[in-house]
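J.: Before anything else, here's the structure in question.
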Number of protein chains: 2
Amino acid sequence: MKKVSLKDIATAAGVSTALVSYVLTNKEKEARVGEEIAKKIREIARKLNYQPNHIARSLKSGRSFTIGLIVADISNPFFGNIARTIEDEAKRNNYTVIFGSSDESSAKSDDLVNVLLNRQVDGLIITPAEGSEHQLRQLQAQNIPFVLIDRFFPEIMASHITVDNYQGAKKAVEHLIRKGRQRIGMIAYKTTLHHISERKRGYQEALQAHGFSASRSLLKTARYSHLKEDMQLAIDQLLNSRHRADAIFFATNSLAIEGLKYINERGIRIPDELAIITFDETDALDLFYCPITFVRQPIPEMGKAAVRVLLEQINQPHKGIEHICIDTTLVVRKSCGKRR
Amino acid sequence: MKKVSLKDIATAAGVSTALVSYVLTNKEKEARVGEEIAKKIREIARKLNYQPNHIARSLKSGRSFTIGLIVADISNPFFGNIARTIEDEAKRNNYTVIFGSSDESSAKSDDLVNVLLNRQVDGLIITPAEGSEHQLRQLQAQNIPFVLIDRFFPEIMASHITVDNYQGAKKAVEHLIRKGRQRIGMIAYKTTLHHISERKRGYQEALQAHGFSASRSLLKTARYSHLKEDMQLAIDQLLNSRHRADAIFFATNSLAIEGLKYINERGIRIPDELAIITFDETDALDLFYCPITFVRQPIPEMGKAAVRVLLEQINQPHKGIEHICIDTTLVVRKSCGKRR
DNA sequence: AAAATATGCTTAAACGTTTAAGGAAGCAAG
DNA sequence: CTTGCTTCCTTAAACGTTTAAGCATATTTT
């Protein structure tokens, strides 16, 4: 039960494979194929249920119509959602998606890039891990089209899609200030990645702009790889000090979730004892007894933009890079309390 | 800056491409390649940074070392987690994963299967949508290896990995009974899919076994495509009737999340006014003010099993099908209250 | 009526691999 | 000195497409 190939159709129709190819790829006009025979070929193709072999086509054309997606972790809903919009958008353009999770490790990411390139992906959409600059430079040297999403490296000239992390963070903190919070803490990942730095900067500048000293002791970090321990320590420090924090701004959804678990454990009441605000949306935040106010990243837009820019880069190699920065929205729930 | 091919290495070494191929695929022994020249070839390959063209290899071998994964929705953490374990396990076996989301639609699923097969995937891991039996039969007729995960069709003889949905549901309901709940409702998807039927059956038989009449009016369903409206209606019906439900068993995590949102909206207190139990784990359930008791499906085991069985089927076509049924665990939190 | 153009098809090479088959050279055995 | 066996390498076909080039035959133009 072998698959049907052009040759089978050609034999059945008593013509050459070339003719079949022309007809089935709708090049009848250019190839001046007779109407009769074209109809016959189509007929036979349908009857034999011909399905083109994409691999052979790719080998010939040098294009696989496949894009590689590297995220930190596909099981994280933020990346799952990104993957979903990229999948849909890719499909609209007749592309399929191969994916891989880097776990924020540049070594794993190296490995993934290699695997995906050997599979001849036409381009990559990457959420780069910390320390993966060399890898991106290599891609550039090889002229492989790629687009960064969620983060980027300022020193690397490459197309990227991000949200305005600085403004987003600023909005979040200003919201807390408006709600009368006096000692606003922040918990971020311990990383030099630019999106996190920008969120930190937004936090700090918002505080300064409103006359608060952005005391270092209120900005805590946790390691991705030791999230639980570091988170507990950070929260303990924020809440046990002489000047207890009365608000916490989490830099990402995974931080918020981990943090809230511990805050629940400690029996701290939101928003009375502590206001909470975070980047990113997730079901968990909706379901919290006191729905969490958050900074929304428009994931569908980001995903669509990523695919669009990547395909442009694939199809028009000399188009130049594109930086897309999308605004965030502050979605106010109840976790910051009322004005006081 | 074209990619380096076997031919380039052959030219550089002054030998034929065949020899290069033998060496680089470690077939020196069988092909009796001279030590000297083998070393030289390897050396050159390294220097030119040769990366094999997977597409060409696939065309020749008829195998792509790619598996297709079709889930209902990659952005749902349950499927995201499945995807993640499958990704990892596939990678361990030098396979990559192409994925697609069917949105529980058999038409979309048809489409996806087609796309993935044209990409010459070696096999498929599928969470089949309702009404997709014909598609699976077609795959069987074409001798395409595939494994079902999460659900299956009893009338179709195919390998599948599931959990013991019947026992899982039974455990959940019995837990509620032990906690003294008298009117236990269930909300499931409106579907004939077997895993859901089994959960319903577990629910009903548990009730009967303990002398409760499994009154139809306590078993509600919601459409995947109209989740929000149907959910609100179902909960209203369960809670507004003369015999108000004092417990709800949700058949999946997405149902639980949607349901809990509405329960929150209505201001119903868990577990005092209403006990909650659900299938599947998710962060949202942990973070709920009253952590939700749930039936855990061992996702990593399921994913690993799926890859294992699929690869067996790919490599030993006459091995026969395999049915793997994994036990669930009841994870008790606080949402069912204390005994009363 | 010869030349030019149009029409409808085939041939053959190419993409980058893999691998069966073949061949030249060297050497041992008869 | 033929025969046969190693050893080491090459040739060439194949996988399923795409597509430039070529070749008849028919039709139009001069």
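Ordering of the structure tokens sets the chain letters (A, B, ...), residue numbers begin anew at 1 in every chain, and ligands are numbered from 1 in the order given.
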Which residues are near DC9 in chain C? Cut-off 10 Å, only C-alpha atoms (C1' of nucleotides), ignore same chain within fewer than 2 positions. Put them as JSON, numbers by chain.

T.: {"A": [15, 16, 18, 19, 31, 32, 33, 34], "C": [7], "D": [23, 24]}

J.: Tell me, as an MDAnalysis selection string, which residues lie within 9 Å of range 316-321 of chain A, counting only C-alpha atoms (C1' of nucleotides); anything in the same chain fewer than 2 positions away does not count.

T.: chainID A and resid 143 145 157:160 309 311:314 323

J.: May I have the residues within 10 Å of Arg269 in chain B as a ChimeraX atom specification, using only C-alpha atoms (C1' of nucleotides) and disregarding those fewer than 6 positions away in the same chain?

T.: /B:263,275,289-290,335

J.: Only C-alpha atoms, please: the residues just picked out, written as a short mmCIF file (atom, residue, chain, number, x, y, z; two decimals), in the first residue's frame.

T.:
data_model
loop_
_atom_site.label_atom_id
_atom_site.label_comp_id
_atom_site.auth_asym_id
_atom_site.auth_seq_id
_atom_site.Cartn_x
_atom_site.Cartn_y
_atom_site.Cartn_z
CA ILE B 263 -19.31 30.07 41.34
CA ALA B 275 -18.06 20.86 47.76
CA TYR B 289 -8.92 30.26 48.26
CA CYS B 290 -9.99 26.77 49.13
CA SER B 335 -12.68 21.76 48.71
#

J.: Which residues, written as a ChimeraX atom specification, have at least one atom at most 10 Å from Asp272 in chain B, with only C-alpha atoms (C1' of nucleotides) counted and residues fewer than 6 positions away on the same chain left out?

T.: /B:246-247,335-338

J.: Could the residues of chain A that have an atom at most 12 Å from chain C be listed as CSV, each with its closest atom pair and the distance in Å to one decimal, counting only C-alpha atoms (C1' of nucleotides) and ordered by chain and ascending residue number?

T.:
residue,atom,partner,partner_atom,distance
A:Ala10,CA,C:DT10,C1',11.9
A:Gly14,CA,C:DC9,C1',11.4
A:Val15,CA,C:DC9,C1',8.3
A:Ser16,CA,C:DT10,C1',6.6
A:Thr17,CA,C:DT10,C1',9.3
A:Ala18,CA,C:DT10,C1',8.1
A:Leu19,CA,C:DC9,C1',7.7
A:Val20,CA,C:DC9,C1',11.2
A:Tyr22,CA,C:DC9,C1',11.6
A:Glu28,CA,C:DG8,C1',10.8
A:Lys29,CA,C:DG8,C1',11.5
A:Glu30,CA,C:DG8,C1',11.8
A:Ala31,CA,C:DG8,C1',8.7
A:Arg32,CA,C:DG8,C1',6.6
A:Val33,CA,C:DG8,C1',6.1
A:Gly34,CA,C:DG8,C1',6.3
A:Glu35,CA,C:DG8,C1',10.1
A:Glu36,CA,C:DG8,C1',11.0
A:Ile37,CA,C:DG8,C1',9.9
A:Ala38,CA,C:DG8,C1',11.2
A:Ile55,CA,C:DC15,C1',10.9
A:Ala56,CA,C:DC15,C1',8.6
A:Arg57,CA,C:DC15,C1',9.1
A:Ser58,CA,C:DC15,C1',8.5
A:Leu59,CA,C:DC15,C1',5.2
A:Lys60,CA,C:DC15,C1',4.4
A:Ser61,CA,C:DC15,C1',7.3
A:Gly62,CA,C:DC15,C1',7.5
A:Arg63,CA,C:DC15,C1',10.8

J.: Include N, CA, C and O atoms and write out the residues we just selected as a tab-separated table (two decimals), in the first residue's frame.

T.:
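The resulting file, again-v3.tsv, is reproduced below:
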chain	number	residue	atom	x	y	z
A	10	ALA	N	1.13	9.55	-13.79
A	10	ALA	CA	1.62	9.67	-15.16
A	10	ALA	C	1.40	8.37	-15.91
A	10	ALA	O	0.90	8.37	-17.05
A	14	GLY	N	-0.87	7.84	-19.05
A	14	GLY	CA	-0.10	7.66	-20.25
A	14	GLY	C	0.65	8.91	-20.67
A	14	GLY	O	0.82	9.19	-21.85
A	15	VAL	N	1.11	9.68	-19.69
A	15	VAL	CA	1.87	10.90	-20.00
A	15	VAL	C	3.14	10.91	-19.14
A	15	VAL	O	3.39	9.98	-18.39
A	16	SER	N	3.92	11.97	-19.28
A	16	SER	CA	5.14	12.06	-18.48
A	16	SER	C	4.84	12.67	-17.11
A	16	SER	O	3.82	13.35	-16.93
A	17	THR	N	5.73	12.44	-16.17
A	17	THR	CA	5.51	13.01	-14.83
A	17	THR	C	5.53	14.53	-14.88
A	17	THR	O	4.87	15.19	-14.10
A	18	ALA	N	6.31	15.05	-15.81
A	18	ALA	CA	6.42	16.51	-15.89
A	18	ALA	C	5.04	17.13	-16.10
A	18	ALA	O	4.66	18.07	-15.39
A	19	LEU	N	4.32	16.54	-17.01
A	19	LEU	CA	3.01	17.09	-17.32
A	19	LEU	C	2.11	17.05	-16.07
A	19	LEU	O	1.41	18.01	-15.77
A	20	VAL	N	2.17	15.95	-15.40
A	20	VAL	CA	1.36	15.79	-14.19
A	20	VAL	C	1.72	16.87	-13.18
A	20	VAL	O	0.86	17.52	-12.59
A	22	TYR	N	3.06	19.79	-13.72
A	22	TYR	CA	2.56	21.09	-14.17
A	22	TYR	C	1.08	21.27	-13.84
A	22	TYR	O	0.66	22.29	-13.30
A	28	GLU	N	-0.54	25.02	-15.63
A	28	GLU	CA	-1.01	24.62	-16.96
A	28	GLU	C	-0.77	25.72	-17.97
A	28	GLU	O	-0.33	25.49	-19.07
A	29	LYS	N	-1.10	26.92	-17.57
A	29	LYS	CA	-0.98	28.05	-18.48
A	29	LYS	C	0.45	28.17	-18.99
A	29	LYS	O	0.69	28.06	-20.19
A	30	GLU	N	1.38	28.36	-18.06
A	30	GLU	CA	2.77	28.56	-18.47
A	30	GLU	C	3.28	27.37	-19.27
A	30	GLU	O	4.09	27.53	-20.17
A	31	ALA	N	2.81	26.19	-18.92
A	31	ALA	CA	3.35	25.01	-19.59
A	31	ALA	C	2.52	24.60	-20.79
A	31	ALA	O	2.80	23.59	-21.41
A	32	ARG	N	1.51	25.37	-21.07
A	32	ARG	CA	0.65	25.10	-22.23
A	32	ARG	C	0.18	23.65	-22.30
A	32	ARG	O	0.46	22.93	-23.24
A	33	VAL	N	-0.50	23.25	-21.24
A	33	VAL	CA	-1.02	21.87	-21.20
A	33	VAL	C	-2.42	21.86	-21.82
A	33	VAL	O	-3.21	22.76	-21.59
A	34	GLY	N	-2.72	20.82	-22.59
A	34	GLY	CA	-4.02	20.72	-23.21
A	34	GLY	C	-5.14	20.58	-22.18
A	34	GLY	O	-4.96	19.97	-21.14
A	35	GLU	N	-6.27	21.16	-22.49
A	35	GLU	CA	-7.38	21.14	-21.54
A	35	GLU	C	-7.83	19.73	-21.22
A	35	GLU	O	-8.04	19.35	-20.08
A	36	GLU	N	-8.00	18.97	-22.28
A	36	GLU	CA	-8.46	17.58	-22.16
A	36	GLU	C	-7.61	16.81	-21.16
A	36	GLU	O	-8.09	16.26	-20.17
A	37	ILE	N	-6.33	16.78	-21.49
A	37	ILE	CA	-5.40	15.95	-20.72
A	37	ILE	C	-5.30	16.46	-19.27
A	37	ILE	O	-5.18	15.69	-18.33
A	38	ALA	N	-5.37	17.78	-19.12
A	38	ALA	CA	-5.30	18.36	-17.78
A	38	ALA	C	-6.46	17.84	-16.95
A	38	ALA	O	-6.29	17.43	-15.79
A	55	ILE	N	8.25	16.23	1.41
A	55	ILE	CA	9.70	16.08	1.60
A	55	ILE	C	10.42	16.24	0.26
A	55	ILE	O	11.40	16.98	0.16
A	56	ALA	N	9.90	15.58	-0.73
A	56	ALA	CA	10.53	15.67	-2.05
A	56	ALA	C	10.46	17.11	-2.56
A	56	ALA	O	11.43	17.66	-3.09
A	57	ARG	N	9.32	17.69	-2.35
A	57	ARG	CA	9.14	19.07	-2.79
A	57	ARG	C	10.15	19.99	-2.10
A	57	ARG	O	10.76	20.86	-2.72
A	58	SER	N	10.32	19.75	-0.81
A	58	SER	CA	11.26	20.57	-0.04
A	58	SER	C	12.67	20.40	-0.54
A	58	SER	O	13.43	21.36	-0.66
A	59	LEU	N	13.01	19.16	-0.81
A	59	LEU	CA	14.38	18.90	-1.26
A	59	LEU	C	14.65	19.68	-2.54
A	59	LEU	O	15.70	20.30	-2.69
A	60	LYS	N	13.68	19.65	-3.43
A	60	LYS	CA	13.86	20.34	-4.70
A	60	LYS	C	13.90	21.86	-4.51
A	60	LYS	O	14.74	22.55	-5.06
A	61	SER	N	12.97	22.34	-3.73
A	61	SER	CA	12.81	23.79	-3.64
A	61	SER	C	13.74	24.43	-2.61
A	61	SER	O	13.94	25.64	-2.62
A	62	GLY	N	14.29	23.61	-1.74
A	62	GLY	CA	15.12	24.18	-0.69
A	62	GLY	C	14.32	24.86	0.39
A	62	GLY	O	14.86	25.50	1.29
A	63	ARG	N	12.99	24.74	0.31
A	63	ARG	CA	12.16	25.33	1.36
A	63	ARG	C	11.26	24.26	1.95
A	63	ARG	O	10.70	23.45	1.22

J.: Any idea which chain A residues end up within 7 Å of chain B if we count only C-alpha atoms, as a CSV table (one decimal) with all heavy atoms, in the first residue's frame please?

T.:
chain,number,residue,atom,x,y,z
A,1,MET,N,0.8,-1.2,0.0
A,1,MET,CA,0.0,0.0,0.0
A,1,MET,C,0.9,1.3,0.0
A,1,MET,O,0.8,2.1,0.9
A,1,MET,CB,-0.9,0.0,1.2
A,1,MET,CG,-2.1,0.9,1.2
A,1,MET,SD,-3.6,0.2,0.6
A,1,MET,CE,-4.1,-0.6,2.1
A,51,GLN,N,-1.5,12.5,-2.8
A,51,GLN,CA,-1.1,13.6,-1.8
A,51,GLN,C,0.3,13.9,-2.1
A,51,GLN,O,1.2,13.0,-2.1
A,51,GLN,CB,-1.2,13.0,-0.4
A,51,GLN,CG,-2.6,12.6,0.0
A,51,GLN,CD,-3.5,13.8,0.1
A,51,GLN,OE1,-4.5,13.9,-0.6
A,51,GLN,NE2,-3.2,14.7,1.0
A,52,PRO,N,0.6,15.1,-2.4
A,52,PRO,CA,2.0,15.4,-2.7
A,52,PRO,C,3.0,15.1,-1.6
A,52,PRO,O,2.7,15.2,-0.4
A,52,PRO,CB,2.0,17.0,-3.0
A,52,PRO,CG,0.7,17.4,-2.3
A,52,PRO,CD,-0.2,16.3,-2.3
A,53,ASN,N,4.2,14.7,-1.9
A,53,ASN,CA,5.2,14.4,-1.0
A,53,ASN,C,6.0,15.7,-0.7
A,53,ASN,O,6.8,16.1,-1.5
A,53,ASN,CB,6.1,13.3,-1.5
A,53,ASN,CG,7.2,12.9,-0.5
A,53,ASN,OD1,7.6,13.8,0.3
A,53,ASN,ND2,7.6,11.7,-0.5
A,54,HIS,N,5.7,16.1,0.5
A,54,HIS,CA,6.3,17.4,0.9
A,54,HIS,C,7.8,17.4,1.0
A,54,HIS,O,8.5,18.4,0.8
A,54,HIS,CB,5.7,17.8,2.3
A,54,HIS,CG,5.3,19.2,2.3
A,54,HIS,ND1,6.3,20.2,2.6
A,54,HIS,CD2,4.1,19.9,2.2
A,54,HIS,CE1,5.7,21.4,2.6
A,54,HIS,NE2,4.4,21.2,2.3
A,55,ILE,N,8.3,16.2,1.4
A,55,ILE,CA,9.7,16.1,1.6
A,55,ILE,C,10.4,16.2,0.3
A,55,ILE,O,11.4,17.0,0.2
A,55,ILE,CB,10.0,14.7,2.2
A,55,ILE,CG1,9.4,14.6,3.6
A,55,ILE,CG2,11.5,14.4,2.2
A,55,ILE,CD1,10.3,14.8,4.7
A,56,ALA,N,9.9,15.6,-0.7
A,56,ALA,CA,10.5,15.7,-2.1
A,56,ALA,C,10.5,17.1,-2.6
A,56,ALA,O,11.4,17.7,-3.1
A,56,ALA,CB,9.8,14.7,-3.0
A,59,LEU,N,13.0,19.2,-0.8
A,59,LEU,CA,14.4,18.9,-1.3
A,59,LEU,C,14.7,19.7,-2.5
A,59,LEU,O,15.7,20.3,-2.7
A,59,LEU,CB,14.6,17.4,-1.5
A,59,LEU,CG,16.0,17.0,-2.0
A,59,LEU,CD1,17.0,17.4,-1.0
A,59,LEU,CD2,16.0,15.5,-2.2
A,74,ILE,N,6.8,24.8,26.8
A,74,ILE,CA,5.5,24.8,26.1
A,74,ILE,C,4.4,24.5,27.1
A,74,ILE,O,3.2,24.8,26.9
A,74,ILE,CB,5.5,23.7,25.0
A,74,ILE,CG1,4.3,23.8,24.1
A,74,ILE,CG2,5.6,22.3,25.6
A,74,ILE,CD1,4.4,24.9,23.1
A,75,SER,N,4.7,24.0,28.3
A,75,SER,CA,3.7,23.6,29.2
A,75,SER,C,3.3,24.9,30.1
A,75,SER,O,2.3,24.8,30.8
A,75,SER,CB,4.1,22.5,30.1
A,75,SER,OG,5.1,22.8,31.0
A,76,ASN,N,4.0,25.9,30.0
A,76,ASN,CA,3.6,27.2,30.6
A,76,ASN,C,2.6,27.8,29.7
A,76,ASN,O,2.8,28.1,28.5
A,76,ASN,CB,4.8,28.1,30.7
A,76,ASN,CG,4.5,29.5,31.3
A,76,ASN,OD1,3.4,30.0,31.1
A,76,ASN,ND2,5.5,30.0,32.0
A,77,PRO,N,1.4,28.1,30.3
A,77,PRO,CA,0.3,28.6,29.4
A,77,PRO,C,0.6,29.9,28.6
A,77,PRO,O,0.1,30.1,27.5
A,77,PRO,CB,-0.8,29.0,30.5
A,77,PRO,CG,-0.5,28.1,31.6
A,77,PRO,CD,1.0,28.0,31.7
A,80,GLY,N,2.3,28.4,25.8
A,80,GLY,CA,1.3,27.6,25.1
A,80,GLY,C,0.4,28.5,24.3
A,80,GLY,O,0.1,28.2,23.1
A,81,ASN,N,0.0,29.6,24.8
A,81,ASN,CA,-0.8,30.5,24.1
A,81,ASN,C,-0.1,31.1,22.9
A,81,ASN,O,-0.6,31.3,21.8
A,81,ASN,CB,-1.4,31.6,25.0
A,81,ASN,CG,-2.6,31.2,25.7
A,81,ASN,OD1,-3.6,31.0,25.0
A,81,ASN,ND2,-2.6,31.1,27.0
A,84,ARG,N,0.1,28.6,20.3
A,84,ARG,CA,-1.2,28.4,19.6
A,84,ARG,C,-1.5,29.5,18.6
A,84,ARG,O,-1.9,29.2,17.5
A,84,ARG,CB,-2.3,28.4,20.7
A,84,ARG,CG,-3.7,28.2,20.1
A,84,ARG,CD,-3.7,26.9,19.3
A,84,ARG,NE,-4.8,26.8,18.3
A,84,ARG,CZ,-6.0,26.4,18.5
A,84,ARG,NH1,-6.3,26.0,19.7
A,84,ARG,NH2,-6.9,26.4,17.6
A,87,GLU,N,0.9,28.8,15.7
A,87,GLU,CA,0.4,27.6,15.0
A,87,GLU,C,-0.7,28.1,14.0
A,87,GLU,O,-0.6,27.8,12.8
A,87,GLU,CB,-0.2,26.6,15.9
A,87,GLU,CG,-0.8,25.4,15.2
A,87,GLU,CD,-1.9,24.7,16.1
A,87,GLU,OE1,-1.8,24.8,17.3
A,87,GLU,OE2,-2.8,24.0,15.6
A,97,VAL,N,4.5,24.0,12.2
A,97,VAL,CA,5.4,24.4,13.2
A,97,VAL,C,6.1,23.2,13.9
A,97,VAL,O,5.4,22.3,14.3
A,97,VAL,CB,4.6,25.2,14.3
A,97,VAL,CG1,5.6,25.7,15.4
A,97,VAL,CG2,4.0,26.4,13.6
A,98,ILE,N,7.4,23.2,14.1
A,98,ILE,CA,8.1,22.3,14.9
A,98,ILE,C,8.5,23.1,16.2
A,98,ILE,O,8.9,24.2,16.0
A,98,ILE,CB,9.3,21.8,14.3
A,98,ILE,CG1,9.1,21.2,12.9
A,98,ILE,CG2,9.9,20.7,15.1
A,98,ILE,CD1,10.3,20.5,12.3
A,99,PHE,N,8.3,22.5,17.3
A,99,PHE,CA,8.6,23.3,18.5
A,99,PHE,C,9.6,22.6,19.4
A,99,PHE,O,9.9,21.4,19.3
A,99,PHE,CB,7.4,23.6,19.3
A,99,PHE,CG,6.8,22.4,20.0
A,99,PHE,CD1,7.1,22.2,21.3
A,99,PHE,CD2,6.0,21.5,19.3
A,99,PHE,CE1,6.6,21.0,22.0
A,99,PHE,CE2,5.5,20.4,20.0
A,99,PHE,CZ,5.8,20.2,21.3
A,100,GLY,N,10.1,23.3,20.3
A,100,GLY,CA,11.0,22.8,21.3
A,100,GLY,C,11.1,23.7,22.5
A,100,GLY,O,10.8,24.9,22.4
A,118,ASN,N,18.7,21.3,11.1
A,118,ASN,CA,18.9,20.1,10.3
A,118,ASN,C,17.6,19.6,9.7
A,118,ASN,O,17.6,18.9,8.7
A,118,ASN,CB,19.4,18.9,11.2
A,118,ASN,CG,20.9,19.2,11.6
A,118,ASN,OD1,21.5,20.2,11.1
A,118,ASN,ND2,21.4,18.4,12.4
A,119,ARG,N,16.5,20.0,10.3
A,119,ARG,CA,15.2,19.6,9.7
A,119,ARG,C,14.8,20.6,8.6
A,119,ARG,O,13.7,20.7,8.2
A,119,ARG,CB,14.1,19.6,10.8
A,119,ARG,CG,14.4,18.7,12.0
A,119,ARG,CD,13.9,17.3,11.7
A,119,ARG,NE,14.5,16.4,12.6
A,119,ARG,CZ,14.0,15.2,12.9
A,119,ARG,NH1,12.9,14.8,12.3
A,119,ARG,NH2,14.6,14.4,13.7
A,120,GLN,N,15.7,21.5,8.4
A,120,GLN,CA,15.6,22.5,7.3
A,120,GLN,C,14.4,23.4,7.5
A,120,GLN,O,13.7,23.8,6.5
A,120,GLN,CB,15.4,21.7,5.9
A,120,GLN,CG,16.4,20.7,5.6
A,120,GLN,CD,17.8,21.2,5.6
A,120,GLN,OE1,18.6,20.7,6.3
A,120,GLN,NE2,18.0,22.2,4.8
A,142,GLN,N,24.9,32.7,9.3
A,142,GLN,CA,24.4,31.7,8.3
A,142,GLN,C,23.2,32.2,7.5
A,142,GLN,O,22.7,31.4,6.7
A,142,GLN,CB,24.0,30.4,9.0
A,142,GLN,CG,25.2,29.7,9.8
A,142,GLN,CD,24.6,28.6,10.6
A,142,GLN,OE1,24.4,28.7,11.8
A,142,GLN,NE2,24.5,27.4,9.9
A,260,LEU,N,2.0,33.5,45.0
A,260,LEU,CA,0.7,33.5,45.7
A,260,LEU,C,0.4,32.2,46.4
A,260,LEU,O,-0.2,32.1,47.5
A,260,LEU,CB,-0.4,33.6,44.6
A,260,LEU,CG,-0.5,35.1,44.1
A,260,LEU,CD1,-1.5,35.2,42.9
A,260,LEU,CD2,-1.0,36.0,45.2
A,261,LYS,N,1.0,31.1,45.9
A,261,LYS,CA,0.9,29.8,46.6
A,261,LYS,C,1.5,30.0,48.0
A,261,LYS,O,0.9,29.6,49.0
A,261,LYS,CB,1.7,28.7,45.9
A,261,LYS,CG,0.9,28.1,44.7
A,261,LYS,CD,1.7,26.9,44.1
A,261,LYS,CE,1.1,26.5,42.8
A,261,LYS,NZ,1.9,25.5,42.1
A,283,ASP,N,-5.5,31.8,34.1
A,283,ASP,CA,-6.8,31.4,34.8
A,283,ASP,C,-6.6,31.5,36.3
A,283,ASP,O,-7.5,31.8,37.0
A,283,ASP,CB,-7.1,29.9,34.4
A,283,ASP,CG,-7.7,29.9,33.1
A,283,ASP,OD1,-8.4,30.8,32.7
A,283,ASP,OD2,-7.5,28.8,32.4
A,284,ALA,N,-5.4,31.1,36.8
A,284,ALA,CA,-5.2,31.0,38.2
A,284,ALA,C,-5.5,32.4,38.8
A,284,ALA,O,-6.0,32.5,39.9
A,284,ALA,CB,-3.8,30.6,38.5
A,287,LEU,N,-9.2,33.1,39.3
A,287,LEU,CA,-9.9,32.2,40.3
A,287,LEU,C,-9.5,32.5,41.7
A,287,LEU,O,-10.1,32.1,42.6
A,287,LEU,CB,-9.5,30.8,40.0
A,287,LEU,CG,-10.4,30.1,39.0
A,287,LEU,CD1,-10.2,28.7,38.9
A,287,LEU,CD2,-11.9,30.4,39.4
A,288,PHE,N,-8.4,33.3,41.8
A,288,PHE,CA,-8.0,33.6,43.2
A,288,PHE,C,-9.1,34.3,43.9
A,288,PHE,O,-10.0,35.0,43.3
A,288,PHE,CB,-6.8,34.6,43.1
A,288,PHE,CG,-5.9,34.6,44.3
A,288,PHE,CD1,-5.2,33.5,44.7
A,288,PHE,CD2,-5.9,35.8,45.0
A,288,PHE,CE1,-4.4,33.6,45.8
A,288,PHE,CE2,-5.0,35.8,46.2
A,288,PHE,CZ,-4.3,34.7,46.6
A,289,TYR,N,-9.2,34.1,45.2
A,289,TYR,CA,-10.4,34.6,45.9
A,289,TYR,C,-10.5,36.1,45.7
A,289,TYR,O,-11.6,36.6,45.7
A,289,TYR,CB,-10.3,34.3,47.4
A,289,TYR,CG,-9.1,34.9,48.2
A,289,TYR,CD1,-9.1,36.2,48.7
A,289,TYR,CD2,-7.9,34.1,48.3
A,289,TYR,CE1,-8.0,36.7,49.3
A,289,TYR,CE2,-6.8,34.7,48.9
A,289,TYR,CZ,-6.9,35.9,49.5
A,289,TYR,OH,-5.8,36.5,50.1

J.: Give one line per residue of chain D that approaches chain B to at most 7 Å, naming the two atoms of the closest pair and their distance in Å to one decimal, counting only C-alpha atoms (C1' of nucleotides); sort by chain then ascending residue number and deliver it as JSON lines.

T.:
{"residue": "D:DC8", "atom": "C1'", "partner": "B:Val33", "partner_atom": "CA", "distance": 6.1}
{"residue": "D:DT10", "atom": "C1'", "partner": "B:Ser16", "partner_atom": "CA", "distance": 6.7}
{"residue": "D:DC15", "atom": "C1'", "partner": "B:Lys60", "partner_atom": "CA", "distance": 4.4}

J.: Within range 200-340 of chain B, find each residue whose DSSP state, derived from the backbone, is strand (DSSP E or B), and express the selection as JSON, numbers by chain.

T.: {"B": [219, 220, 221, 222, 247, 248, 249, 250, 275, 276, 277, 278, 279, 293, 294, 295, 296, 323, 324, 325, 326, 329, 330, 331]}

J.: I'd like the interatomic distance between CA of Ala13 in chain A and CA of Val113 in chain B, to a tenth of an Å.

T.: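 So the answer is 28.2 Å.
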
J.: Hey, can you check how far CA of Gln232 in chain B sits from CA of Arg266 in chain B?

T.: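 Taking CA of Gln232 in chain B as the start and CA of Arg266 in chain B as the end point, the length is 10.0 Å.
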
J.: Skip Gln297 in chain B itself and residues of its chain fewer than 5 positions away, then list as number ranges by chain all residues within 10 Å of it, counting only C-alpha atoms (C1' of nucleotides).

T.: B: 78, 150, 162-165, 168, 279-281, 302, 326-330

J.: Do you have the CA of Glu322 in chain B-CA of Ile161 in chain B distance handy?

T.: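 Separating CA of Glu322 in chain B from CA of Ile161 in chain B is a distance of 8.4 Å.
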
J.: DSSP on the backbone: which residues in range 86-322 of chain B end up as helix (DSSP H, G or I)? Give the answer as a ChimeraX atom specification.

T.: /B:86-92,106-118,133-141,165-178,194-209,216-218,224-240,253-265,283-287,299-315

J.: Might you pull out every residue within 9 Å of range 201-217 of chain B, with only C-alpha atoms (C1' of nucleotides) counted and same-chain residues fewer than 4 positions away left off, and present them as an MDAnalysis selection string?

T.: chainID B and resid 165:174 177 182:186 196:197 237:238 249
